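Coordinates as given in work.cif (mmCIF, C-alpha atoms):
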```
data_final
loop_
_atom_site.group_PDB
_atom_site.id
_atom_site.type_symbol
_atom_site.label_atom_id
_atom_site.label_comp_id
_atom_site.auth_asym_id
_atom_site.auth_seq_id
_atom_site.Cartn_x
_atom_site.Cartn_y
_atom_site.Cartn_z
ATOM 1 C CA MET A 253 -20.031 27.733 -3.439
ATOM 2 C CA PRO A 254 -18.991 27.731 -7.111
ATOM 3 C CA SER A 255 -21.361 26.027 -9.512
ATOM 4 C CA ALA A 256 -21.087 24.165 -12.809
ATOM 5 C CA LEU A 257 -23.425 22.991 -15.546
ATOM 6 C CA VAL A 258 -22.307 19.891 -17.464
ATOM 7 C CA LEU A 259 -24.202 19.201 -20.682
ATOM 8 C CA ILE A 260 -25.043 15.676 -21.831
ATOM 9 C CA ALA A 261 -26.744 14.221 -24.902
ATOM 10 C CA ASP A 262 -27.224 10.837 -26.491
ATOM 11 C CA GLY A 263 -23.768 9.811 -27.654
ATOM 12 C CA THR A 264 -21.814 11.758 -25.018
ATOM 13 C CA GLU A 265 -18.505 10.119 -24.098
ATOM 14 C CA GLU A 266 -19.080 8.597 -20.660
ATOM 15 C CA MET A 267 -15.594 9.077 -19.212
ATOM 16 C CA GLU A 268 -15.425 12.724 -20.197
ATOM 17 C CA PHE A 269 -18.814 13.349 -18.604
ATOM 18 C CA THR A 270 -18.463 11.310 -15.410
ATOM 19 C CA ILE A 271 -14.815 12.135 -14.614
ATOM 20 C CA THR A 272 -15.483 15.832 -15.036
ATOM 21 C CA TYR A 273 -18.733 15.768 -13.059
ATOM 22 C CA ASP A 274 -17.272 13.634 -10.256
ATOM 23 C CA THR A 275 -14.070 15.674 -9.950
ATOM 24 C CA LEU A 276 -16.003 18.937 -9.765
ATOM 25 C CA VAL A 277 -18.175 17.535 -6.978
ATOM 26 C CA ARG A 278 -15.077 16.347 -5.101
ATOM 27 C CA GLY A 279 -13.721 19.879 -5.418
ATOM 28 C CA GLY A 280 -16.783 21.322 -3.699
ATOM 29 C CA VAL A 281 -18.480 22.602 -6.838
ATOM 30 C CA HIS A 282 -22.280 22.461 -6.987
ATOM 31 C CA THR A 283 -22.682 20.510 -10.228
ATOM 32 C CA VAL A 284 -25.778 19.947 -12.363
ATOM 33 C CA SER A 285 -26.134 17.956 -15.575
ATOM 34 C CA ALA A 286 -28.509 19.082 -18.325
ATOM 35 C CA TYR A 287 -29.851 16.954 -21.174
ATOM 36 C CA VAL A 288 -29.592 18.453 -24.656
ATOM 37 C CA PRO A 289 -32.051 16.924 -27.156
ATOM 38 C CA ASP A 290 -31.212 16.422 -30.813
ATOM 39 C CA VAL A 291 -32.834 19.327 -32.666
ATOM 40 C CA SER A 292 -33.042 17.175 -35.806
ATOM 41 C CA SER A 293 -35.407 14.767 -34.027
ATOM 42 C CA PRO A 294 -38.701 16.668 -33.469
ATOM 43 C CA GLY A 295 -40.094 13.950 -31.230
ATOM 44 C CA LEU A 296 -37.413 14.691 -28.629
ATOM 45 C CA LEU A 297 -38.221 18.366 -28.300
ATOM 46 C CA ALA A 298 -41.266 17.922 -26.076
ATOM 47 C CA GLN A 299 -40.019 18.417 -22.527
ATOM 48 C CA ASN A 300 -41.525 16.650 -19.563
ATOM 49 C CA VAL A 301 -40.695 17.239 -15.913
ATOM 50 C CA SER A 302 -37.852 14.704 -15.983
ATOM 51 C CA PRO A 303 -35.402 14.290 -18.853
ATOM 52 C CA PRO A 304 -34.827 10.848 -20.380
ATOM 53 C CA SER A 305 -31.641 8.973 -19.648
ATOM 54 C CA ALA A 306 -28.839 9.778 -22.069
ATOM 55 C CA ARG A 307 -27.333 6.776 -23.826
ATOM 56 C CA GLY A 308 -23.590 7.336 -23.917
ATOM 57 C CA SER A 309 -21.178 6.563 -26.722
ATOM 58 C CA ARG A 310 -20.427 3.131 -25.205
ATOM 59 C CA GLY A 311 -24.047 2.316 -24.425
ATOM 60 C CA ILE A 312 -24.075 3.323 -20.749
ATOM 61 C CA ASN A 313 -27.272 5.076 -19.679
ATOM 62 C CA ILE A 314 -26.819 8.208 -17.546
ATOM 63 C CA MET A 315 -29.709 10.045 -15.915
ATOM 64 C CA PRO A 316 -29.322 13.838 -16.267
ATOM 65 C CA ASP A 317 -30.534 16.178 -13.544
ATOM 66 C CA VAL A 318 -32.542 18.552 -15.749
ATOM 67 C CA TYR A 319 -33.408 19.434 -19.326
ATOM 68 C CA PHE A 320 -31.178 22.030 -20.949
ATOM 69 C CA ASP A 321 -33.129 25.286 -20.999
ATOM 70 C CA LEU A 322 -31.512 28.514 -22.145
ATOM 71 C CA ASN A 323 -33.550 30.512 -19.622
ATOM 72 C CA HIS A 324 -32.327 28.460 -16.646
ATOM 73 C CA CYS A 325 -28.820 27.456 -17.700
ATOM 74 C CA GLY A 326 -27.157 30.807 -18.243
ATOM 75 C CA PRO A 327 -24.164 32.515 -16.626
ATOM 76 C CA ASP A 328 -26.408 34.090 -14.008
ATOM 77 C CA MET A 329 -27.000 30.558 -12.655
ATOM 78 C CA TYR A 330 -23.584 28.885 -12.988
ATOM 79 C CA ASP A 331 -19.889 29.783 -12.971
ATOM 80 C CA LEU A 332 -18.814 27.098 -15.433
ATOM 81 C CA LEU A 333 -20.309 25.472 -18.526
ATOM 82 C CA VAL A 334 -18.864 22.113 -19.650
ATOM 83 C CA ILE A 335 -19.359 20.467 -23.046
ATOM 84 C CA PRO A 336 -18.085 16.879 -23.192
ATOM 85 C CA GLY A 337 -17.197 15.009 -26.357
ATOM 86 C CA GLY A 338 -18.338 11.802 -27.953
ATOM 87 C CA ALA A 339 -18.951 12.197 -31.678
ATOM 88 C CA LYS A 340 -22.739 12.002 -31.682
ATOM 89 C CA GLY A 341 -23.223 13.930 -28.443
ATOM 90 C CA ALA A 342 -20.819 16.668 -29.497
ATOM 91 C CA ASP A 343 -22.571 16.955 -32.850
ATOM 92 C CA THR A 344 -25.932 17.350 -31.104
ATOM 93 C CA MET A 345 -24.629 20.018 -28.743
ATOM 94 C CA SER A 346 -22.562 21.980 -31.251
ATOM 95 C CA LYS A 347 -25.499 22.224 -33.684
ATOM 96 C CA HIS A 348 -28.067 23.226 -31.056
ATOM 97 C CA PRO A 349 -28.793 26.978 -31.467
ATOM 98 C CA SER A 350 -29.466 27.470 -27.751
ATOM 99 C CA VAL A 351 -26.192 25.785 -26.810
ATOM 100 C CA GLN A 352 -24.356 28.090 -29.209
ATOM 101 C CA GLU A 353 -26.095 31.064 -27.610
ATOM 102 C CA VAL A 354 -25.412 30.001 -24.028
ATOM 103 C CA ILE A 355 -21.699 29.559 -24.834
ATOM 104 C CA ARG A 356 -21.548 33.123 -26.110
ATOM 105 C CA ARG A 357 -23.333 34.377 -22.985
ATOM 106 C CA TYR A 358 -20.840 32.655 -20.669
ATOM 107 C CA VAL A 359 -17.906 34.096 -22.601
ATOM 108 C CA GLU A 360 -19.430 37.592 -22.620
ATOM 109 C CA ARG A 361 -19.926 37.415 -18.841
ATOM 110 C CA ASN A 362 -16.358 36.167 -18.307
ATOM 111 C CA LYS A 363 -17.589 32.868 -16.920
ATOM 112 C CA LEU A 364 -15.644 29.663 -17.589
ATOM 113 C CA VAL A 365 -16.394 27.380 -20.536
ATOM 114 C CA GLY A 366 -14.831 23.920 -20.688
ATOM 115 C CA MET A 367 -14.839 21.759 -23.833
ATOM 116 C CA ILE A 368 -13.217 18.367 -24.255
ATOM 117 C CA CYS A 369 -12.664 16.056 -27.219
ATOM 118 C CA ALA A 370 -15.125 16.683 -30.070
ATOM 119 C CA GLY A 371 -17.024 19.001 -27.723
ATOM 120 C CA THR A 372 -14.564 21.684 -28.846
ATOM 121 C CA LEU A 373 -16.477 21.865 -32.133
ATOM 122 C CA ALA A 374 -18.936 24.032 -30.212
ATOM 123 C CA ALA A 375 -16.288 26.779 -30.119
ATOM 124 C CA LYS A 376 -16.560 26.929 -33.887
ATOM 125 C CA THR A 377 -20.339 26.750 -34.168
ATOM 126 C CA ALA A 378 -20.679 29.391 -31.436
ATOM 127 C CA LYS A 379 -18.351 31.557 -33.516
ATOM 128 C CA LEU A 380 -15.877 32.230 -30.721
ATOM 129 C CA PRO A 381 -12.928 34.434 -31.712
ATOM 130 C CA LYS A 382 -9.655 32.901 -32.875
ATOM 131 C CA GLN A 383 -7.640 31.746 -29.866
ATOM 132 C CA PRO A 384 -5.585 28.758 -28.669
ATOM 133 C CA LEU A 385 -7.477 25.497 -28.161
ATOM 134 C CA THR A 386 -7.233 21.746 -28.570
ATOM 135 C CA SER A 387 -9.547 18.819 -29.268
ATOM 136 C CA HIS A 388 -9.651 15.160 -30.181
ATOM 137 C CA PRO A 389 -7.414 14.566 -33.223
ATOM 138 C CA SER A 390 -10.453 13.402 -35.229
ATOM 139 C CA VAL A 391 -11.838 16.955 -35.398
ATOM 140 C CA LYS A 392 -8.543 18.845 -35.688
ATOM 141 C CA ALA A 393 -9.094 19.559 -39.394
ATOM 142 C CA GLN A 394 -12.399 21.275 -38.613
ATOM 143 C CA LEU A 395 -10.776 23.627 -36.102
ATOM 144 C CA GLU A 396 -7.180 24.359 -37.083
ATOM 145 C CA HIS A 397 -8.023 27.063 -39.634
ATOM 146 C CA ASP A 398 -10.301 29.043 -37.307
ATOM 147 C CA PHE A 399 -8.241 28.729 -34.113
ATOM 148 C CA GLU A 400 -4.643 28.489 -32.917
ATOM 149 C CA TYR A 401 -4.624 24.710 -32.693
ATOM 150 C CA LEU A 402 -2.401 23.085 -30.056
ATOM 151 C CA GLU A 403 -1.859 19.469 -29.035
ATOM 152 C CA ASP A 404 -1.328 20.022 -25.307
ATOM 153 C CA PRO A 405 -3.453 17.851 -22.959
ATOM 154 C CA VAL A 406 -5.221 20.946 -21.630
ATOM 155 C CA VAL A 407 -5.244 24.439 -23.123
ATOM 156 C CA VAL A 408 -6.382 27.470 -21.119
ATOM 157 C CA SER A 409 -7.182 30.589 -23.157
ATOM 158 C CA ASP A 410 -8.653 33.243 -20.886
ATOM 159 C CA ASN A 411 -11.967 31.671 -19.796
ATOM 160 C CA LEU A 412 -12.015 28.896 -22.450
ATOM 161 C CA ILE A 413 -10.528 25.584 -21.311
ATOM 162 C CA THR A 414 -10.179 22.777 -23.847
ATOM 163 C CA SER A 415 -8.825 19.240 -23.742
ATOM 164 C CA ARG A 416 -8.266 16.238 -26.000
ATOM 165 C CA GLY A 417 -10.201 13.113 -24.992
ATOM 166 C CA PRO A 418 -10.955 10.447 -22.375
ATOM 167 C CA GLY A 419 -7.265 10.102 -21.515
ATOM 168 C CA THR A 420 -6.994 13.784 -20.618
ATOM 169 C CA ALA A 421 -10.275 13.991 -18.702
ATOM 170 C CA PHE A 422 -8.570 13.992 -15.286
ATOM 171 C CA PRO A 423 -6.154 16.878 -15.945
ATOM 172 C CA PHE A 424 -9.017 18.724 -17.664
ATOM 173 C CA ALA A 425 -11.318 18.298 -14.668
ATOM 174 C CA LEU A 426 -8.574 19.141 -12.159
ATOM 175 C CA THR A 427 -7.798 22.323 -14.104
ATOM 176 C CA LEU A 428 -11.461 23.318 -13.866
ATOM 177 C CA VAL A 429 -11.384 22.729 -10.107
ATOM 178 C CA GLU A 430 -8.244 24.845 -9.800
ATOM 179 C CA LEU A 431 -9.782 27.719 -11.752
ATOM 180 C CA LEU A 432 -12.951 27.633 -9.657
ATOM 181 C CA CYS A 433 -11.567 26.701 -6.236
ATOM 182 C CA GLY A 434 -7.823 27.354 -6.274
ATOM 183 C CA ALA A 435 -4.611 25.355 -6.639
ATOM 184 C CA GLU A 436 -4.661 24.191 -3.026
ATOM 185 C CA ARG A 437 -8.069 22.562 -3.458
ATOM 186 C CA ARG A 438 -6.904 20.896 -6.673
ATOM 187 C CA GLU A 439 -3.937 19.322 -4.897
ATOM 188 C CA GLU A 440 -6.076 18.275 -1.950
ATOM 189 C CA ILE A 441 -8.567 16.281 -4.007
ATOM 190 C CA ARG A 442 -5.870 14.990 -6.342
ATOM 191 C CA GLY A 443 -4.126 13.410 -3.364
ATOM 192 C CA HIS A 444 -7.293 11.596 -2.278
ATOM 193 C CA MET A 445 -7.742 10.207 -5.807
ATOM 194 C CA VAL A 446 -4.459 8.244 -5.411
ATOM 195 C CA PHE A 447 -2.868 8.705 -8.815
ATOM 196 C CA PRO A 448 0.410 6.797 -9.354
ATOM 197 C CA ALA A 449 3.436 8.725 -8.079
ATOM 198 C CA ASP A 450 4.758 9.551 -11.548
ATOM 199 C CA THR A 451 1.454 10.844 -12.920
ATOM 200 C CA PRO A 452 2.363 14.077 -14.763
ATOM 201 C CA PHE A 453 -0.657 16.161 -13.737
#
```
As structure tokens:
Amino acid sequence: MPSALVLIADGTEEMEFTITYDTLVRGGVHTVSAYVPDVSSPGLLAQNVSPPSARGSRGINIMPDVYFDLNHCGPDMYDLLVIPGGAKGADTMSKHPSVQEVIRRYVERNKLVGMICAGTLAAKTAKLPKQPLTSHPSVKAQLEHDFEYLEDPVVVSDNLITSRGPGTAFPFALTLVELLCGAERREEIRGHMVFPADTPF
């Protein structure tokens, strides 16, 4: 069974997290969420057995499965790493040295890395090579000089998959399912989700 690790922090955009997580599970992907603490807040660095709930960008509390730990969240454990957006959450993740390192490890091992919305800033802080990607328009200026910036809903560049925001979370998540489980599985779960007939993804 393919597996995925979805990161979450305080300020993560709820739709981008939950739609991606839920769609992966529907696709048959073993999915785990990991809480990333803010490295600028020393009081949050002490890890207990259970992580705290993450307060999303719209104030919804989400309980992660585990703490993010570089030693237990690497490409030897999962096939896919997902970094959602939400301005504050994306800032926390993209500035976290261990998140930057784990991104590089996934890329080096040819595992999939998905980034959506402002989460794509992590491609820059992880110093990924210049390649096509997209993001939320609010962070375009921070990315367009270091990457081949596109405005497509979903951009696939080798094993890096990027997307734009809450409104593109479904095609983003379905693309991840297709890459992990195949086009047939994507279409199967898409049908059960009952999108309107003219939905373009």
* To do: Can you give me, as number ranges by chain, the residues this file yields under the PyMOL selection byres ((chain A and resi 415-422) around 8)?
  => A: 265, 267-268, 271-272, 275, 337, 367-370, 385-389, 403-407, 413-414, 423-426
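Interatomic distance, CA of Val359 (chain A) to CA of Thr377 (chain A): 13.9 Å.
From CA of Met253 (chain A) back to CA of His282 (chain A), the distance works out to 6.7 Å.
A straight line drawn from CA of Arg356 (chain A) to CA of Ser285 (chain A) is 19.0 Å long.
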* To do: Might you pull out every residue within 9 Å of Leu395 (chain A), with all atoms listed in the file counted and same-chain residues fewer than 3 positions away left off, and present them as number ranges by chain?
  => A: 372-373, 375-376, 385-387, 391-392, 398-401
* Identify, on the basis of only C-alpha atoms, every residue whose closest approach to Arg310 (chain A) does not exceed 12 Å; exclude the query and any residue fewer than 6 positions from it along the same chain; express the result as a PyMOL selection string. => chain A and resi 262-268+338-341
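Of the residues listed (A:Tyr319, A:Tyr330, A:Phe269, A:Tyr287), A:Tyr330 shows the shortest atom-to-atom separation from Leu432 (chain A); distances use all atoms listed in the file.
For the choices A:Arg357, A:Lys363, A:Arg442, A:His348, the atom-to-atom distance to Pro254 (chain A) is smallest for A:Lys363 when using only C-alpha atoms.
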* Result set, the PyMOL selection byres ((chain A and resi 352) around 12) on current file, as number ranges by chain -> A: 288, 322, 326, 333, 335, 342-351, 353-359, 365, 371-380
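In terms of minimum interatomic distance to Ser255 (chain A), A:Val334 ranks closest within A:Val291, A:Leu402, A:Ala306, A:Val334, counting all atoms listed in the file.
Closest approach to Arg307 (chain A) among A:Ile260, A:Phe320, A:Gly280, A:Asp331: A:Ile260, based on all atoms listed in the file.
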Mind dumping region 369-410 of chain A from that block, keeping N, CA and C atoms, as a short mmCIF file (atom, residue, chain, number, x, y, z; two decimals), in the first residue's frame?
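Result went into out.cif, see below:
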```
data_model
loop_
_atom_site.label_atom_id
_atom_site.label_comp_id
_atom_site.auth_asym_id
_atom_site.auth_seq_id
_atom_site.Cartn_x
_atom_site.Cartn_y
_atom_site.Cartn_z
N CYS A 369 -0.47 26.04 -2.71
CA CYS A 369 -0.65 27.40 -2.21
C CYS A 369 0.70 27.97 -1.76
N ALA A 370 0.74 28.62 -0.61
CA ALA A 370 2.00 29.18 -0.10
C ALA A 370 2.97 28.09 0.35
N GLY A 371 2.50 26.85 0.44
CA GLY A 371 3.39 25.75 0.78
C GLY A 371 4.52 25.60 -0.22
N THR A 372 4.32 26.12 -1.45
CA THR A 372 5.35 26.02 -2.48
C THR A 372 6.60 26.83 -2.12
N LEU A 373 6.48 27.75 -1.16
CA LEU A 373 7.66 28.48 -0.71
C LEU A 373 8.75 27.54 -0.21
N ALA A 374 8.33 26.36 0.25
CA ALA A 374 9.31 25.39 0.75
C ALA A 374 10.23 24.90 -0.35
N ALA A 375 9.79 24.97 -1.61
CA ALA A 375 10.69 24.60 -2.72
C ALA A 375 11.87 25.55 -2.78
N LYS A 376 11.61 26.80 -2.45
CA LYS A 376 12.68 27.80 -2.46
C LYS A 376 13.60 27.65 -1.26
N THR A 377 13.02 27.51 -0.07
CA THR A 377 13.86 27.42 1.12
C THR A 377 14.64 26.11 1.17
N ALA A 378 14.12 25.07 0.52
CA ALA A 378 14.84 23.80 0.43
C ALA A 378 15.88 23.81 -0.69
N LYS A 379 15.91 24.93 -1.41
CA LYS A 379 16.88 25.12 -2.50
C LYS A 379 16.77 24.06 -3.58
N LEU A 380 15.52 23.76 -3.98
CA LEU A 380 15.32 22.83 -5.09
C LEU A 380 15.78 23.50 -6.39
N PRO A 381 16.20 22.71 -7.36
CA PRO A 381 16.67 23.29 -8.63
C PRO A 381 15.54 23.96 -9.39
N LYS A 382 15.91 24.87 -10.28
CA LYS A 382 14.93 25.59 -11.09
C LYS A 382 14.14 24.60 -11.93
N GLN A 383 12.82 24.73 -11.88
CA GLN A 383 11.92 23.82 -12.59
C GLN A 383 10.53 24.45 -12.61
N PRO A 384 9.60 23.91 -13.41
CA PRO A 384 8.25 24.46 -13.42
C PRO A 384 7.53 24.21 -12.10
N LEU A 385 6.77 25.23 -11.65
CA LEU A 385 5.92 25.08 -10.48
C LEU A 385 4.88 26.17 -10.47
N THR A 386 3.96 26.08 -9.52
CA THR A 386 2.96 27.12 -9.32
C THR A 386 2.72 27.30 -7.83
N SER A 387 1.87 28.27 -7.49
CA SER A 387 1.61 28.58 -6.09
C SER A 387 0.40 29.50 -6.01
N HIS A 388 0.07 29.90 -4.81
CA HIS A 388 -0.93 30.96 -4.64
C HIS A 388 -0.35 32.25 -5.22
N PRO A 389 -1.19 33.07 -5.86
CA PRO A 389 -0.68 34.32 -6.45
C PRO A 389 0.04 35.22 -5.45
N SER A 390 -0.31 35.13 -4.17
CA SER A 390 0.27 36.02 -3.17
C SER A 390 1.77 35.80 -2.97
N VAL A 391 2.28 34.63 -3.36
CA VAL A 391 3.71 34.36 -3.18
C VAL A 391 4.44 34.20 -4.52
N LYS A 392 3.75 34.53 -5.60
CA LYS A 392 4.36 34.41 -6.93
C LYS A 392 5.68 35.18 -7.02
N ALA A 393 5.69 36.41 -6.50
CA ALA A 393 6.88 37.26 -6.62
C ALA A 393 8.09 36.66 -5.93
N GLN A 394 7.86 35.82 -4.92
CA GLN A 394 8.96 35.20 -4.19
C GLN A 394 9.52 33.97 -4.90
N LEU A 395 8.82 33.52 -5.94
CA LEU A 395 9.19 32.27 -6.60
C LEU A 395 9.57 32.43 -8.08
N GLU A 396 9.02 33.44 -8.74
CA GLU A 396 9.12 33.48 -10.20
C GLU A 396 10.54 33.70 -10.72
N HIS A 397 11.45 34.20 -9.90
CA HIS A 397 12.82 34.39 -10.37
C HIS A 397 13.70 33.15 -10.19
N ASP A 398 13.28 32.26 -9.29
CA ASP A 398 14.06 31.06 -9.01
C ASP A 398 13.52 29.81 -9.70
N PHE A 399 12.29 29.91 -10.23
CA PHE A 399 11.64 28.77 -10.86
C PHE A 399 10.95 29.20 -12.15
N GLU A 400 10.52 28.22 -12.93
CA GLU A 400 9.74 28.49 -14.14
C GLU A 400 8.28 28.57 -13.70
N TYR A 401 7.83 29.77 -13.40
CA TYR A 401 6.52 29.94 -12.77
C TYR A 401 5.39 29.81 -13.79
N LEU A 402 4.41 28.96 -13.46
CA LEU A 402 3.24 28.75 -14.29
C LEU A 402 1.99 29.06 -13.47
N GLU A 403 0.86 29.24 -14.17
CA GLU A 403 -0.39 29.53 -13.48
C GLU A 403 -1.43 28.44 -13.74
N ASP A 404 -0.98 27.24 -14.08
CA ASP A 404 -1.87 26.10 -14.24
C ASP A 404 -2.39 25.67 -12.86
N PRO A 405 -3.57 25.04 -12.80
CA PRO A 405 -4.10 24.59 -11.50
C PRO A 405 -3.18 23.61 -10.78
N VAL A 406 -2.57 22.71 -11.56
CA VAL A 406 -1.63 21.74 -11.01
C VAL A 406 -0.45 21.63 -11.97
N VAL A 407 0.75 21.65 -11.43
CA VAL A 407 1.96 21.52 -12.25
C VAL A 407 2.75 20.32 -11.75
N VAL A 408 3.05 19.40 -12.66
CA VAL A 408 3.86 18.22 -12.33
C VAL A 408 5.22 18.38 -13.00
N SER A 409 6.27 18.40 -12.19
CA SER A 409 7.64 18.51 -12.70
C SER A 409 8.44 17.37 -12.08
N ASP A 410 8.59 16.29 -12.86
CA ASP A 410 9.21 15.08 -12.33
C ASP A 410 8.47 14.65 -11.07
#
```
